[in-house]
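One file, model35.txt, carrying compact mmCIF, C-alpha atoms (C1' of nucleotides):
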```txt
# COMPACT_ATOMS: atom_id res chain seq x y z
CA MET V 1205 78.13 150.07 115.40
CA GLU V 1206 81.74 150.14 114.35
CA ILE V 1207 82.48 148.68 110.95
CA LEU V 1208 85.91 147.16 110.60
CA ARG V 1209 88.17 148.01 107.73
CA THR V 1210 89.80 145.19 105.82
CA PRO V 1211 93.62 145.12 105.51
CA ALA V 1212 95.00 147.42 102.83
CA ASP V 1213 97.03 144.60 101.34
CA TRP V 1214 94.06 142.22 101.03
CA PRO V 1215 93.81 140.77 97.48
CA ARG V 1216 91.41 142.62 95.19
CA THR V 1217 91.42 140.31 92.18
CA GLU V 1218 91.11 136.57 91.67
CA THR V 1219 94.61 136.47 90.22
CA GLU V 1220 96.09 138.13 93.30
CA ALA V 1221 94.09 135.85 95.58
CA ARG V 1222 95.31 132.65 93.90
CA ALA V 1223 98.87 133.90 94.03
CA ALA V 1224 98.48 134.61 97.75
CA GLN V 1225 97.26 131.05 98.31
CA GLU V 1226 100.28 129.60 96.50
CA THR V 1227 102.61 131.72 98.65
CA LEU V 1228 100.96 131.13 102.02
CA ARG V 1229 100.62 127.40 101.40
CA ALA V 1230 104.37 127.02 101.98
CA ARG V 1231 103.81 127.96 105.65
CA LEU V 1232 101.16 125.31 106.29
CA VAL V 1233 102.15 122.86 109.04
CA ARG V 1234 100.79 119.38 108.49
CA ASP V 1235 103.07 117.19 110.59
CA GLU V 1236 101.63 118.02 114.03
CA ALA V 1237 98.92 115.69 115.31
CA GLY V 1238 97.44 118.55 117.31
CA PRO V 1239 95.84 118.56 120.78
CA ALA V 1240 93.73 115.51 121.66
CA PRO V 1241 89.99 115.95 122.29
CA GLY V 1242 89.20 116.93 125.88
CA THR V 1243 92.54 118.62 126.49
CA VAL V 1244 91.94 122.10 125.03
CA PRO V 1245 89.09 124.57 124.39
CA LEU V 1246 87.46 124.40 120.96
CA THR V 1247 86.45 127.56 119.10
CA GLY V 1248 83.85 127.73 116.37
CA VAL V 1249 83.90 130.53 113.79
CA ASP V 1250 81.21 131.39 111.25
CA VAL V 1251 80.00 134.27 109.09
CA ALA V 1252 76.67 135.68 107.87
CA TYR V 1253 76.06 138.15 105.04
CA ASP V 1254 73.77 140.97 104.03
CA ASP V 1255 74.68 141.35 100.37
CA ALA V 1256 72.26 144.24 99.84
CA ARG V 1257 74.04 146.32 102.48
CA ASP V 1258 77.44 144.85 101.66
CA LEU V 1259 77.87 143.73 105.27
CA VAL V 1260 79.46 140.66 106.82
CA ALA V 1261 79.18 139.60 110.47
CA ALA V 1262 81.54 137.06 112.01
CA ALA V 1263 81.37 135.26 115.34
CA ALA V 1264 83.79 133.19 117.43
CA VAL V 1265 82.55 131.01 120.29
CA VAL V 1266 84.91 129.22 122.68
CA LEU V 1267 83.72 126.00 124.33
CA ASP V 1268 85.45 124.33 127.28
CA PRO V 1269 87.35 121.08 126.60
CA GLY V 1270 84.23 119.09 127.47
CA GLY V 1271 82.18 121.05 124.96
CA ARG V 1272 79.48 121.95 127.47
CA THR V 1273 80.26 125.48 128.64
CA VAL V 1274 80.85 128.68 126.68
CA LEU V 1275 84.12 130.20 127.89
CA GLY V 1276 83.96 133.27 125.69
CA ARG V 1277 82.49 134.79 122.56
CA ALA V 1278 83.06 137.72 120.23
CA THR V 1279 81.65 139.22 117.04
CA ALA V 1280 82.82 141.65 114.37
CA VAL V 1281 81.00 143.42 111.55
CA GLY V 1282 82.66 144.65 108.38
CA ARG V 1283 82.28 145.42 104.72
CA VAL V 1284 82.38 142.42 102.37
CA ALA V 1285 85.99 142.24 101.22
CA PHE V 1286 85.72 139.84 98.29
CA PRO V 1287 82.98 138.24 96.15
CA TYR V 1288 82.09 134.58 96.54
CA VAL V 1289 84.30 132.63 94.17
CA PRO V 1290 84.59 128.84 94.59
CA GLY V 1291 88.12 128.15 95.80
CA LEU V 1292 88.59 131.67 97.14
CA LEU V 1293 86.14 131.61 100.04
CA ALA V 1294 88.80 132.57 102.57
CA PHE V 1295 89.22 136.02 101.06
CA ARG V 1296 85.53 136.69 101.60
CA GLU V 1297 85.26 135.35 105.14
CA LEU V 1298 88.57 135.79 106.92
CA PRO V 1299 88.85 139.56 107.53
CA ALA V 1300 85.77 139.51 109.75
CA VAL V 1301 86.72 136.17 111.33
CA LEU V 1302 90.18 137.46 112.27
CA ALA V 1303 88.61 140.54 113.86
CA ALA V 1304 86.24 138.40 115.91
CA LEU V 1305 89.08 136.13 117.07
CA ASP V 1306 91.07 139.21 118.12
CA ARG V 1307 88.20 140.29 120.34
CA LEU V 1308 87.95 137.00 122.24
CA PRO V 1309 88.53 137.39 125.99
CA VAL V 1310 90.09 133.92 126.26
CA ALA V 1311 92.57 131.78 124.31
CA PRO V 1312 90.81 129.96 121.44
CA GLY V 1313 92.62 126.61 121.64
CA VAL V 1314 91.74 124.66 118.48
CA VAL V 1315 89.59 126.43 115.88
CA VAL V 1316 86.85 124.70 113.87
CA CYS V 1317 85.92 126.25 110.50
CA ASP V 1318 82.69 125.91 108.55
CA GLY V 1319 84.32 124.84 105.28
CA TYR V 1320 87.46 123.10 104.05
CA GLY V 1321 91.10 122.93 105.00
CA VAL V 1322 93.39 121.09 102.60
CA ALA V 1323 90.41 119.68 100.68
CA HIS V 1324 90.80 122.43 98.12
CA PRO V 1325 91.91 122.79 94.47
CA ARG V 1326 95.26 124.21 95.64
CA ARG V 1327 95.19 122.45 99.04
CA PHE V 1328 94.66 125.76 100.81
CA GLY V 1329 91.04 126.21 101.84
CA LEU V 1330 89.55 128.36 104.56
CA ALA V 1331 90.81 126.38 107.57
CA ALA V 1332 94.35 126.08 106.24
CA HIS V 1333 94.43 129.80 105.46
CA LEU V 1334 93.13 130.80 108.90
CA GLY V 1335 95.69 128.54 110.55
CA VAL V 1336 98.63 130.07 108.69
CA LEU V 1337 97.46 133.63 109.40
CA THR V 1338 96.95 133.02 113.14
CA GLY V 1339 99.40 130.23 113.92
CA LEU V 1340 96.56 128.41 115.70
CA PRO V 1341 95.62 124.74 115.19
CA VAL V 1342 92.66 124.86 112.77
CA PHE V 1343 90.62 122.24 110.88
CA GLY V 1344 87.54 122.33 108.67
CA VAL V 1345 84.13 120.66 108.75
CA ALA V 1346 82.04 121.27 105.62
CA LYS V 1347 78.45 120.40 104.82
CA ASN V 1348 79.06 119.56 101.15
CA PRO V 1349 81.70 117.57 99.23
CA PHE V 1350 82.52 120.40 96.78
CA LEU V 1351 84.35 118.87 93.84
CA PHE V 1352 85.51 115.73 95.66
CA THR V 1353 84.30 112.14 95.63
CA TYR V 1354 83.87 109.37 98.20
CA GLU V 1355 82.32 105.99 98.75
CA ALA V 1356 79.40 106.11 101.16
CA PRO V 1357 80.66 105.42 104.71
CA GLY V 1358 78.80 102.96 106.97
CA GLU V 1359 75.49 104.12 108.40
CA GLU V 1360 76.64 104.24 112.02
CA ARG V 1361 77.90 107.36 113.75
CA GLY V 1362 81.70 107.32 113.62
CA ALA V 1363 81.95 105.58 110.24
CA ARG V 1364 84.18 107.36 107.75
CA ALA V 1365 85.40 107.10 104.17
CA PRO V 1366 88.26 108.87 102.35
CA LEU V 1367 87.37 112.13 100.62
CA LEU V 1368 89.19 111.99 97.31
CA ASP V 1369 90.54 114.37 94.72
CA GLY V 1370 91.24 111.79 92.05
CA ALA V 1371 93.47 109.29 93.84
CA GLU V 1372 94.63 111.72 96.51
CA GLU V 1373 93.03 111.62 99.95
CA VAL V 1374 92.24 115.17 101.03
CA GLY V 1375 89.86 114.56 103.93
CA ALA V 1376 87.10 112.30 105.20
CA ALA V 1377 83.36 111.89 104.83
CA LEU V 1378 82.50 111.36 108.50
CA ARG V 1379 79.16 110.11 109.79
CA THR V 1380 78.39 112.14 112.93
CA ARG V 1381 74.82 110.84 113.27
CA THR V 1382 73.63 107.34 112.44
CA GLY V 1383 71.63 107.32 109.22
CA VAL V 1384 72.28 111.01 108.49
CA LYS V 1385 74.31 112.52 105.64
CA PRO V 1386 78.01 112.73 106.62
CA VAL V 1387 80.05 115.89 107.12
CA TYR V 1388 83.31 116.50 105.23
CA VAL V 1389 86.31 116.91 107.49
CA SER V 1390 89.76 118.03 106.42
CA ALA V 1391 93.00 118.93 108.14
CA GLY V 1392 94.04 122.55 108.20
CA HIS V 1393 97.06 123.83 110.15
CA ARG V 1394 98.80 121.92 112.97
CA VAL V 1395 96.01 119.31 113.17
CA THR V 1396 95.96 115.96 111.37
CA LEU V 1397 92.88 114.47 109.77
CA ASP V 1398 92.56 111.81 112.48
CA THR V 1399 92.69 114.40 115.27
CA ALA V 1400 90.19 116.57 113.39
CA CYS V 1401 87.78 113.64 113.05
CA ALA V 1402 88.13 112.83 116.77
CA HIS V 1403 87.29 116.43 117.71
CA THR V 1404 84.38 116.45 115.28
CA LEU V 1405 82.87 113.35 116.88
CA ALA V 1406 83.37 114.82 120.35
CA LEU V 1407 81.49 117.94 119.19
CA THR V 1408 78.52 116.08 117.73
CA PRO V 1409 76.77 114.25 120.60
CA ARG V 1410 73.36 115.33 119.29
CA TYR V 1411 73.46 117.04 115.90
CA ARG V 1412 75.13 116.48 112.53
CA LEU V 1413 77.17 119.69 112.75
CA PRO V 1414 79.73 120.46 115.49
CA GLU V 1415 78.40 122.31 118.52
CA THR V 1416 81.06 124.96 117.85
CA THR V 1417 79.79 125.88 114.40
CA ARG V 1418 76.15 125.68 115.52
CA ARG V 1419 76.84 128.20 118.28
CA ALA V 1420 78.96 130.45 116.04
CA ASP V 1421 76.29 130.33 113.33
CA ALA V 1422 73.57 131.48 115.74
CA LEU V 1423 75.79 134.25 117.10
CA CYS V 1424 76.88 135.72 113.76
CA ARG V 1425 73.28 135.78 112.54
CA ALA V 1426 72.26 137.64 115.68
CA ALA V 1427 75.18 140.05 115.23
CA LEU V 1428 74.13 140.75 111.65
CA LYS V 1429 70.55 141.49 112.68
CA GLU V 1430 71.81 143.73 115.43
CA ALA V 1431 74.06 145.59 112.98
CA VAL V 1432 71.32 146.05 110.40
CA GLY V 1433 68.78 147.01 113.02
CA ASN V 1434 65.97 144.73 114.23
C1' DG T 1189 84.18 127.32 75.35
C1' DC T 1190 80.51 126.51 79.20
C1' DG T 1191 78.89 125.09 83.50
C1' DA T 1192 79.63 123.42 88.24
C1' DC T 1193 81.60 124.48 92.54
C1' DA T 1194 83.06 125.22 100.35
C1' DG T 1195 79.88 129.63 102.24
C1' DA L 465 75.26 132.29 101.93
C1' DT L 466 70.12 133.72 101.24
C1' DC L 467 64.85 133.79 99.97
C1' DT L 468 60.99 131.05 103.58
C1' DT L 469 55.60 128.05 107.07
C1' DG L 470 54.19 124.50 108.43
C1' DT L 471 54.88 119.94 109.31
C1' DC L 472 56.38 115.03 109.96
C1' DG L 473 59.13 112.50 113.26
C1' DC L 474 62.38 110.95 117.11
```
Would you give me this structure, written as structure tokens?
Amino acid sequence: MEILRTPADWPRTETEARAAQETLRARLVRDEAGPAPGTVPLTGVDVAYDDARDLVAAAAVVLDPGGRTVLGRATAVGRVAFPYVPGLLAFRELPAVLAALDRLPVAPGVVVCDGYGVAHPRRFGLAAHLGVLTGLPVFGVAKNPFLFTYEAPGEERGARAPLLDGAEEVGAALRTRTGVKPVYVSAGHRVTLDTACAHTLALTPRYRLPETTRRADALCRAALKEAVGN
DNA sequence: GCGACAG
DNA sequence: ATCTTGTCGC
């Protein structure tokens, strides 16, 4: 197994990481609606860890515009590049994710992250960061509301409510399955919140989480096991 | 000042 | 994220 090295200029301290977010945020593009559902491939990315061995495994899975067929997949294993610090998740996950995306045999289209985009203390979460670094359209779908608030959306699939940071709308609590806890969608780079919600609904015909992240999650776990041996 | 807090 | 079996339910 080949273990990837993280970029030499990757932040090493929390102070450096926050400064990097403030700088990169200026390059975030938020005025593009982004490709409509059904017109481009969707790529899910996710990461799994083995803290004891200091390893991280990332996976990228490309689904066809209809969301039924896998067009391509790739994995990458590396050393953990940053500790988990709320608000700085991107620095922990992205080196491996970027390596996996580089290894894809096909164009990724729109990328779906397991986490937040602009729903972030400095409006620069994982999905926004990945978008700026790659130039690709990227949005985020998280499983928890982090430090944001919202009024419960209707019970039916498709119902949504604003995800708020005080009075500012930073995303949406979107019900992908009737009667099931919502997911938390936010825009990232070159994709608006409405387009992100439309893609999220298209990717959840059966489960709460997008098919992209479900597939990427399974693949990165398998890659980690493979790397560790077993 | 302390704790909580995406994964 | 991760530690972890069976079990209730559509």
Would you mind telling me which residue in V:Leu1293, V:Ala1323, V:Leu1334, V:Leu1351 lies nearest to DG1195 of chain T when using all atoms listed in the file?
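Looking only at the distances to DG1195 of chain T, the closest residue turns out to be V:Leu1293.
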Figure out the distance between atom CA of Leu1232 of chain V and atom CA of Thr1338 of chain V, please, to one decimal in Å.
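One can read the atom CA of Thr1338 of chain V to atom CA of Leu1232 of chain V distance as 11.1 Å.
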Record the distance separating atom CA of Val1374 of chain V and atom CA of Glu1218 of chain V, expressed in Å with one decimal.
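Separation of atom CA of Val1374 of chain V and atom CA of Glu1218 of chain V: 23.4 Å.
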Identify every residue of chain T that has at least one atom within 10 Å of any atom of chain V, counting all atoms listed in the file, and report the result as a PDB file with C-alpha atoms (C1' of nucleotides), keeping the file's coordinate frame.
```
ATOM      1  C1'  DA T1192      79.630 123.420  88.240  1.00  0.00           C
ATOM      2  C1'  DC T1193      81.600 124.480  92.540  1.00  0.00           C
ATOM      3  C1'  DA T1194      83.060 125.220 100.350  1.00  0.00           C
ATOM      4  C1'  DG T1195      79.880 129.630 102.240  1.00  0.00           C
TER       5       DG T1195
END
```
Figure out the distance between atom CA of Pro1211 of chain V and atom CA of Phe1286 of chain V, please, to one decimal in Å.
11.9 Å
So, counting only C-alpha atoms, which residue among V:Ala1377, V:Val1384, V:Ala1212, V:Val1301 is closest to Ala1365 of chain V?
V:Ala1377
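The residue that comes closest to chain L, out of V:Glu1430, V:Glu1226, V:Asp1254, V:Asp1421 and on the basis of only C-alpha atoms (C1' of nucleotides), is V:Asp1254.
Using all atoms listed in the file, the nearest neighbour of chain L within the list V:Pro1357, V:Pro1366, V:Pro1341, V:Pro1287 is V:Pro1287.
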